[in-house]
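Text of coords-v3.tsv (TSV, C-alpha atoms and all ligand atoms) as supplied:
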chain	number	residue	atom	x	y	z
A	176	MET	CA	-17.07	44.45	30.46
A	177	ASN	CA	-15.53	42.34	33.22
A	178	ALA	CA	-17.44	39.12	32.82
A	179	LYS	CA	-16.55	36.24	30.54
A	180	LEU	CA	-19.30	35.84	27.93
A	181	ILE	CA	-20.89	32.38	27.80
A	182	ASP	CA	-21.70	31.93	24.11
A	183	GLY	CA	-24.83	29.82	23.75
A	184	LYS	CA	-24.72	30.01	19.98
A	185	ALA	CA	-21.24	28.47	19.83
A	186	VAL	CA	-21.98	25.75	22.40
A	187	SER	CA	-25.23	25.00	20.62
A	188	ALA	CA	-23.55	24.80	17.19
A	189	ALA	CA	-20.96	22.33	18.50
A	190	LEU	CA	-23.66	20.11	20.04
A	191	ARG	CA	-25.73	20.24	16.85
A	192	GLU	CA	-22.72	19.04	14.82
A	193	GLN	CA	-22.50	15.97	17.08
A	194	MET	CA	-26.23	15.40	16.77
A	195	LYS	CA	-26.11	15.64	12.98
A	196	ALA	CA	-23.66	12.74	12.98
A	197	GLU	CA	-25.92	10.84	15.37
A	198	VAL	CA	-28.97	11.35	13.12
A	199	ALA	CA	-26.93	10.23	10.09
A	200	ALA	CA	-25.89	7.07	11.95
A	201	LEU	CA	-29.53	6.36	12.85
A	202	ALA	CA	-30.50	6.80	9.19
A	203	GLU	CA	-28.12	3.93	8.37
A	204	GLU	CA	-30.31	1.76	10.60
A	205	GLY	CA	-33.43	3.05	8.87
A	206	ILE	CA	-34.47	5.30	11.77
A	207	THR	CA	-35.49	8.93	11.25
A	208	PRO	CA	-36.41	10.84	14.42
A	209	GLY	CA	-39.75	12.65	14.04
A	210	LEU	CA	-41.08	15.65	15.96
A	211	ALA	CA	-44.61	17.06	15.91
A	212	VAL	CA	-45.02	20.67	16.99
A	213	VAL	CA	-48.50	21.94	17.82
A	214	LEU	CA	-49.31	25.62	18.06
A	215	VAL	CA	-52.77	26.90	18.97
A	216	GLY	CA	-53.47	30.55	18.23
A	217	GLU	CA	-51.34	33.36	16.90
A	218	ASP	CA	-49.05	34.50	19.72
A	219	PRO	CA	-46.15	36.12	17.80
A	220	ALA	CA	-43.42	34.92	20.20
A	221	SER	CA	-44.74	31.35	19.98
A	222	GLN	CA	-44.79	31.58	16.19
A	223	VAL	CA	-41.08	32.50	16.23
A	224	TYR	CA	-40.24	29.61	18.60
A	225	VAL	CA	-42.15	27.13	16.45
A	226	ARG	CA	-40.42	28.32	13.29
A	227	ASN	CA	-37.01	27.99	14.97
A	228	LYS	CA	-37.82	24.45	16.10
A	229	GLU	CA	-38.78	23.53	12.55
A	230	LYS	CA	-35.53	25.03	11.19
A	231	ALA	CA	-33.45	23.10	13.74
A	232	CYS	CA	-35.12	19.84	12.69
A	233	GLU	CA	-34.32	20.56	9.05
A	234	GLU	CA	-30.70	21.37	9.88
A	235	LEU	CA	-30.20	18.06	11.71
A	236	GLY	CA	-32.17	15.80	9.39
A	237	ILE	CA	-35.03	15.27	11.83
A	238	TYR	CA	-38.48	14.79	10.30
A	239	SER	CA	-40.97	17.37	11.55
A	240	GLU	CA	-44.70	18.03	11.31
A	241	LYS	CA	-46.26	21.33	12.22
A	242	TYR	CA	-49.88	21.72	13.33
A	243	LEU	CA	-51.11	25.31	13.36
A	244	LEU	CA	-54.56	25.39	14.93
A	245	PRO	CA	-56.90	28.38	15.20
A	246	THR	CA	-57.37	30.16	18.54
A	247	GLU	CA	-60.95	28.83	18.78
A	248	THR	CA	-59.78	25.19	18.80
A	249	THR	CA	-61.69	23.25	21.46
A	250	GLN	CA	-60.18	21.11	24.18
A	251	GLU	CA	-61.68	18.04	22.55
A	252	GLU	CA	-60.17	18.85	19.15
A	253	LEU	CA	-56.75	19.39	20.68
A	254	LEU	CA	-56.93	16.16	22.71
A	255	THR	CA	-57.99	14.27	19.56
A	256	LEU	CA	-54.89	15.56	17.77
A	257	VAL	CA	-52.62	14.62	20.70
A	258	ASP	CA	-54.15	11.15	20.72
A	259	LYS	CA	-53.52	10.79	16.98
A	260	LEU	CA	-49.88	11.87	17.41
A	261	ASN	CA	-49.43	9.47	20.35
A	262	ARG	CA	-50.29	6.63	17.96
A	263	LYS	CA	-48.43	7.92	14.90
A	264	PRO	CA	-45.41	5.63	14.35
A	265	ASP	CA	-43.25	8.18	12.49
A	266	ILE	CA	-43.60	10.68	15.36
A	267	ASP	CA	-41.20	10.19	18.31
A	268	GLY	CA	-41.68	13.54	20.03
A	269	ILE	CA	-44.72	15.74	20.61
A	270	LEU	CA	-44.45	19.36	21.65
A	271	VAL	CA	-47.51	21.48	22.35
A	272	GLN	CA	-46.32	25.07	22.45
A	273	LEU	CA	-47.26	26.92	25.66
A	274	PRO	CA	-48.99	29.09	26.70
A	275	LEU	CA	-52.27	27.81	25.28
A	276	PRO	CA	-55.22	30.19	24.83
A	277	GLY	CA	-57.08	30.71	28.12
A	278	HIS	CA	-60.08	28.48	27.40
A	279	LEU	CA	-57.88	25.40	27.04
A	280	ASP	CA	-56.80	23.24	29.99
A	281	GLU	CA	-53.00	23.13	29.77
A	282	LYS	CA	-52.62	20.51	32.52
A	283	ALA	CA	-55.04	18.12	30.83
A	284	VAL	CA	-53.28	18.53	27.48
A	285	ILE	CA	-49.85	17.81	28.99
A	286	ALA	CA	-51.29	14.77	30.80
A	287	ALA	CA	-52.64	13.44	27.48
A	288	ILE	CA	-49.21	13.37	25.80
A	289	SER	CA	-47.63	9.93	25.93
A	290	PRO	CA	-44.75	10.15	28.47
A	291	GLU	CA	-42.59	8.28	25.92
A	292	LYS	CA	-43.09	11.12	23.41
A	293	ASP	CA	-43.02	13.98	25.93
A	294	VAL	CA	-39.85	15.66	24.66
A	295	ASP	CA	-40.57	18.74	26.81
A	296	ALA	CA	-40.53	16.55	29.96
A	297	PHE	CA	-43.65	18.32	31.24
A	298	HIS	CA	-45.74	15.18	31.93
A	299	ALA	CA	-46.12	14.37	35.64
A	300	GLN	CA	-44.50	10.97	35.09
A	301	ASN	CA	-41.38	12.58	33.60
A	302	VAL	CA	-41.33	15.33	36.25
A	303	GLY	CA	-41.47	12.60	38.91
A	304	LYS	CA	-38.59	10.76	37.26
A	305	ILE	CA	-36.52	13.93	37.35
A	306	MET	CA	-37.23	14.31	41.08
A	307	ILE	CA	-35.81	10.86	41.81
A	308	GLY	CA	-32.91	11.28	39.36
A	309	ASP	CA	-34.02	8.50	36.99
A	310	TYR	CA	-34.87	10.25	33.75
A	311	LYS	CA	-34.85	9.78	29.98
A	312	PHE	CA	-35.79	13.36	29.11
A	313	LEU	CA	-34.72	16.56	30.80
A	314	PRO	CA	-36.78	19.72	30.34
A	315	CYS	CA	-35.10	21.65	27.53
A	316	THR	CA	-34.35	25.02	29.11
A	317	PRO	CA	-32.87	23.78	32.42
A	318	ALA	CA	-30.94	21.09	30.52
A	319	GLY	CA	-29.57	23.79	28.22
A	320	VAL	CA	-28.42	25.83	31.23
A	321	MET	CA	-26.59	22.80	32.64
A	322	GLU	CA	-24.85	22.26	29.28
A	323	LEU	CA	-23.75	25.92	29.25
A	324	LEU	CA	-22.32	25.67	32.78
A	325	HIS	CA	-20.49	22.51	31.76
A	326	ALA	CA	-19.12	24.07	28.56
A	327	ALA	CA	-17.92	27.13	30.48
A	328	GLN	CA	-16.25	24.76	33.00
A	329	ILE	CA	-18.24	26.14	35.91
A	330	GLU	CA	-18.50	23.52	38.60
A	331	VAL	CA	-21.79	23.33	40.49
A	332	LYS	CA	-20.66	21.00	43.29
A	333	GLY	CA	-20.78	22.75	46.66
A	334	LYS	CA	-21.70	26.13	45.16
A	335	GLU	CA	-24.45	28.48	46.31
A	336	CYS	CA	-26.99	28.37	43.50
A	337	VAL	CA	-29.92	30.79	43.52
A	338	VAL	CA	-32.81	30.40	41.07
A	339	ILE	CA	-35.19	33.34	40.71
A	340	GLY	CA	-38.53	31.98	39.49
A	341	ARG	CA	-40.50	28.85	40.39
A	342	SER	CA	-42.33	27.87	37.20
A	343	ASN	CA	-42.92	24.23	36.35
A	344	ILE	CA	-41.15	24.78	33.02
A	345	VAL	CA	-37.94	26.40	34.28
A	346	GLY	CA	-37.51	27.36	37.95
A	347	LYS	CA	-38.50	24.13	39.68
A	348	PRO	CA	-36.72	21.66	37.33
A	349	MET	CA	-33.71	24.01	37.18
A	350	ALA	CA	-33.35	23.80	40.97
A	351	MET	CA	-33.57	20.01	40.80
A	352	LEU	CA	-30.84	19.68	38.14
A	353	LEU	CA	-28.51	21.94	40.16
A	354	LEU	CA	-29.24	19.81	43.21
A	355	HIS	CA	-28.38	16.64	41.24
A	356	GLN	CA	-25.00	18.24	40.52
A	357	HIS	CA	-24.52	18.81	44.27
A	358	GLY	CA	-25.25	22.54	44.35
A	359	THR	CA	-26.74	24.19	47.44
A	360	VAL	CA	-29.96	25.52	45.96
A	361	THR	CA	-32.29	28.37	46.93
A	362	ILE	CA	-35.44	29.16	44.95
A	363	CYS	CA	-36.65	32.77	45.10
A	364	HIS	CA	-39.98	34.15	43.89
A	365	SER	CA	-42.28	37.15	44.11
A	366	ARG	CA	-42.89	36.66	47.86
A	367	THR	CA	-39.22	36.30	48.79
A	368	ARG	CA	-38.19	38.83	51.41
A	369	ASN	CA	-34.91	40.72	50.99
A	370	LEU	CA	-34.42	39.28	47.52
A	371	ALA	CA	-31.16	41.13	46.80
A	372	GLU	CA	-29.69	39.80	50.05
A	373	VAL	CA	-30.44	36.24	48.94
A	374	THR	CA	-29.27	36.65	45.33
A	375	ARG	CA	-26.01	38.26	46.51
A	376	ARG	CA	-25.11	34.95	48.15
A	377	ALA	CA	-25.16	33.18	44.79
A	378	ASP	CA	-22.04	31.80	43.13
A	379	ILE	CA	-24.40	30.77	40.33
A	380	LEU	CA	-27.46	32.97	39.79
A	381	ILE	CA	-30.20	31.82	37.41
A	382	ALA	CA	-32.78	34.44	36.38
A	383	ALA	CA	-36.09	32.97	35.20
A	384	VAL	CA	-38.51	35.71	36.19
A	385	GLY	CA	-39.95	36.97	32.90
A	386	LYS	CA	-39.37	40.64	33.70
A	387	ALA	CA	-37.07	42.81	31.59
A	388	LYS	CA	-33.80	43.80	33.33
A	389	PHE	CA	-35.09	42.59	36.72
A	390	VAL	CA	-31.66	41.53	38.02
A	391	THR	CA	-29.59	44.63	38.71
A	392	ALA	CA	-25.88	44.92	39.54
A	393	ASP	CA	-26.50	45.33	43.30
A	394	MET	CA	-28.15	41.87	43.34
A	395	VAL	CA	-25.02	40.11	42.09
A	396	LYS	CA	-21.96	39.00	44.04
A	397	PRO	CA	-18.72	40.08	42.35
A	398	GLY	CA	-17.40	37.20	40.25
A	399	ALA	CA	-20.67	35.25	40.21
A	400	THR	CA	-21.90	33.31	37.17
A	401	VAL	CA	-25.17	34.82	35.91
A	402	ILE	CA	-27.43	32.80	33.61
A	403	ASP	CA	-30.27	34.72	31.99
A	404	VAL	CA	-33.27	32.60	30.97
A	405	GLY	CA	-35.45	35.65	30.22
A	406	MET	CA	-36.83	36.55	26.83
A	407	ASN	CA	-38.53	39.96	27.05
A	408	ARG	CA	-38.91	43.18	25.10
A	409	ASP	CA	-37.53	46.38	26.62
A	410	GLU	CA	-39.15	49.84	26.43
A	411	ASN	CA	-37.88	50.20	22.83
A	412	GLY	CA	-39.22	46.82	21.75
A	413	LYS	CA	-35.72	45.34	21.71
A	414	LEU	CA	-35.19	41.73	22.81
A	415	CYS	CA	-33.72	41.58	26.32
A	416	GLY	CA	-33.34	39.17	29.19
A	417	ASP	CA	-34.24	39.23	32.90
A	418	VAL	CA	-30.78	40.64	33.65
A	419	ASP	CA	-29.66	44.25	33.25
A	420	PHE	CA	-26.77	43.04	31.10
A	421	GLY	CA	-24.97	46.38	30.69
A	422	ALA	CA	-24.54	46.86	34.44
A	423	VAL	CA	-24.32	43.24	35.61
A	424	CYS	CA	-21.53	42.31	33.17
A	425	GLU	CA	-19.28	44.72	35.11
A	426	VAL	CA	-19.82	42.76	38.35
A	427	ALA	CA	-20.31	39.13	37.26
A	428	GLY	CA	-17.48	36.69	36.54
A	429	ALA	CA	-19.37	35.04	33.67
A	430	ILE	CA	-22.67	35.86	32.02
A	431	THR	CA	-24.97	34.69	29.20
A	432	PRO	CA	-26.24	37.28	26.70
A	433	VAL	CA	-29.82	37.59	25.40
A	434	PRO	CA	-30.15	36.77	22.57
A	435	GLY	CA	-27.43	34.17	22.01
A	436	GLY	CA	-27.29	32.58	25.47
A	437	VAL	CA	-29.83	30.11	26.80
A	438	GLY	CA	-32.27	30.48	23.85
A	439	PRO	CA	-30.34	28.50	21.22
A	440	MET	CA	-29.59	25.83	23.83
A	441	THR	CA	-33.26	25.19	24.57
A	442	ILE	CA	-33.98	24.14	21.00
A	443	THR	CA	-30.78	22.09	20.83
A	444	MET	CA	-31.91	20.16	23.92
A	445	LEU	CA	-35.30	19.57	22.27
A	446	MET	CA	-33.46	18.00	19.34
A	447	LYS	CA	-31.45	15.87	21.78
A	448	ASN	CA	-34.67	14.62	23.43
A	449	THR	CA	-36.25	13.86	20.05
A	450	ILE	CA	-33.23	11.79	19.02
A	451	ALA	CA	-33.32	9.97	22.39
A	452	ALA	CA	-37.03	9.24	21.91
A	453	ALA	CA	-36.38	7.81	18.43
A	454	LYS	CA	-33.64	5.53	19.78
A	455	ARG	CA	-36.02	3.84	22.19
A	501	LIG	N1	-43.19	27.94	25.80
A	501	LIG	C1	-42.08	28.53	26.26
A	501	LIG	N2	-41.10	27.62	26.43
A	501	LIG	C2	-41.61	26.44	26.07
A	501	LIG	C3	-41.08	25.12	26.02
A	501	LIG	O1	-39.93	24.84	26.36
A	501	LIG	N3	-41.93	24.16	25.57
A	501	LIG	C4	-43.20	24.43	25.21
A	501	LIG	N4	-43.96	23.41	24.81
A	501	LIG	N5	-43.72	25.63	25.25
A	501	LIG	C5	-42.93	26.62	25.67

What's the structure tokens form of this structure?
Amino acid sequence: MNAKLIDGKAVSAALREQMKAEVAALAEEGITPGLAVVLVGEDPASQVYVRNKEKACEELGIYSEKYLLPTETTQEELLTLVDKLNRKPDIDGILVQLPLPGHLDEKAVIAAISPEKDVDAFHAQNVGKIMIGDYKFLPCTPAGVMELLHAAQIEVKGKECVVIGRSNIVGKPMAMLLLHQHGTVTICHSRTRNLAEVTRRADILIAAVGKAKFVTADMVKPGATVIDVGMNRDENGKLCGDVDFGAVCEVAGAITPVPGGVGPMTITMLMKNTIAAAKR
């Protein structure tokens, strides 16, 4: 392996230690940050994420409530719960785990969350604030990627940054955060022509495609930093990212593993947003 490994677990653990102290200091003032996590249905991956979020809250001393709703939950029932949580004084952050079952209107649910409690930063008001660089919350996954780049001392300023994927949750906000740090940013997607030609320009390559081992060694410039946001299962059911790690780590200068890269950072950033919401 040529590439330097960017250890998300270690960076995450260090940040969580700082946050623990911050939560303890808030407790002195009588403030306990509170997070409500809502899961509709029984998607196994979502169940794992929700459990990990709950564990992180416990570890840091953040109060958490978990709402596990059946798949058949109606839009009205879900909106009623969101409304209740918006008004609940001991809840500072609300997270509705996505994706929602098909019959539910995801956009309407996100719009119903109070922007002040929107610790995912998915609400249009918070997305708009990110666009103009005036934000309280950053979306957790892109924020986690920026923290990893910072911890690995990889400067973004002036670099060619290529993001593969244009989702509202990762690709689009990721591009914006890189732009804020003065990167030259290209967003690629399924209609991009000559994809490998574009990705080979990247000094910093972010893979957020959702396809196992999609980024191959020929798509990576020697020495580039490769950040893998993917969380997939390979043909043997083993957890893997969007990057063909075994081959790409021979070409890249630095790389994040899956698991143990971006994943732990996402939840750490959620904790950071919940603490920030409680401070307001
Ligand atoms: N599903 C996958 N990632 C996320 C996330 O960051 N937040 C929420 N709410 N759902 C998700």

Å distance separating atom CA of A:Pro274 from atom CA of A:Leu243, one decimal place
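Going from atom CA of A:Pro274 over to atom CA of A:Leu243, I get 14.0 Å.
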
Can you check which parts of chain A lie within 8 Å of ligand LIG 501 (chain A)? Per residue, the shortest pair of atoms and distance in Å to one decimal, counting only C-alpha atoms and all ligand atoms, sorted by chain and number, as a Markdown table.
| residue | atom | partner | partner_atom | distance |
| --- | --- | --- | --- | --- |
| A:Ser221 | CA | A:LIG501 | N1 | 6.9 |
| A:Tyr224 | CA | A:LIG501 | C1 | 8.0 |
| A:Leu270 | CA | A:LIG501 | N4 | 5.2 |
| A:Val271 | CA | A:LIG501 | N4 | 4.7 |
| A:Gln272 | CA | A:LIG501 | N4 | 3.7 |
| A:Leu273 | CA | A:LIG501 | N5 | 3.8 |
| A:Pro274 | CA | A:LIG501 | N1 | 6.0 |
| A:Asp295 | CA | A:LIG501 | N3 | 5.7 |
| A:Pro314 | CA | A:LIG501 | O1 | 7.2 |
| A:Cys315 | CA | A:LIG501 | O1 | 5.9 |
| A:Thr316 | CA | A:LIG501 | O1 | 6.2 |
| A:Ile344 | CA | A:LIG501 | O1 | 6.8 |
| A:Thr441 | CA | A:LIG501 | O1 | 6.9 |

Of the candidates A:Val284, A:Val384, A:Val320, A:Leu445, which shows the shortest atom-to-atom distance to A:Glu229, using all atoms listed in the file?
A:Leu445

Who sits within 12 Å of A:Ser365, all atoms listed in the file, same chain under 3 positions skipped, as a ChimeraX atom specification
/A:339-342,362,368-370,383-386,389

With C-alpha atoms retained, write the just-selected residues as a compact mmCIF listing (two decimals), in the frame of the given file.
# COMPACT_ATOMS: atom_id res chain seq x y z
CA ILE A 339 -35.19 33.34 40.71
CA GLY A 340 -38.53 31.98 39.49
CA ARG A 341 -40.50 28.85 40.39
CA SER A 342 -42.33 27.87 37.20
CA ILE A 362 -35.44 29.16 44.95
CA ARG A 368 -38.19 38.83 51.41
CA ASN A 369 -34.91 40.72 50.99
CA LEU A 370 -34.42 39.28 47.52
CA ALA A 383 -36.09 32.97 35.20
CA VAL A 384 -38.51 35.71 36.19
CA GLY A 385 -39.95 36.97 32.90
CA LYS A 386 -39.37 40.64 33.70
CA PHE A 389 -35.09 42.59 36.72

For A:Ala327, work out the shell of residues within 12 Å, counting all atoms listed in the file and skipping chain neighbours fewer than 4 positions away, then give it as a PyMOL selection string.
chain A and resi 179-183+185-186+320-323+331+400-402+428-431+436

For A:Gln300, please output as a list in words all residues within 12 Å (counting only C-alpha atoms; exclusion window: fewer than 6 positions along the same chain).
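Listed by chain and then number, they are Ile285, Ala286, Ala287, Ile288, Ser289, Pro290, Glu291, Lys292, Asp293, Met306, Ile307, Asp309, Tyr310, Lys311 and Phe312 of chain A.
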
Find, counting all atoms listed in the file, the residue in A:Lys241, A:Arg375, A:Lys195, A:Lys447 that gets nearest to A:Ala427.
A:Arg375

Env of A:Arg408: 9 Å cut, atoms = all atoms listed in the file, seq-sep filter 6 positions within chain, self excluded. Answer as a ChimeraX atom specification.
/A:386-387,414-416
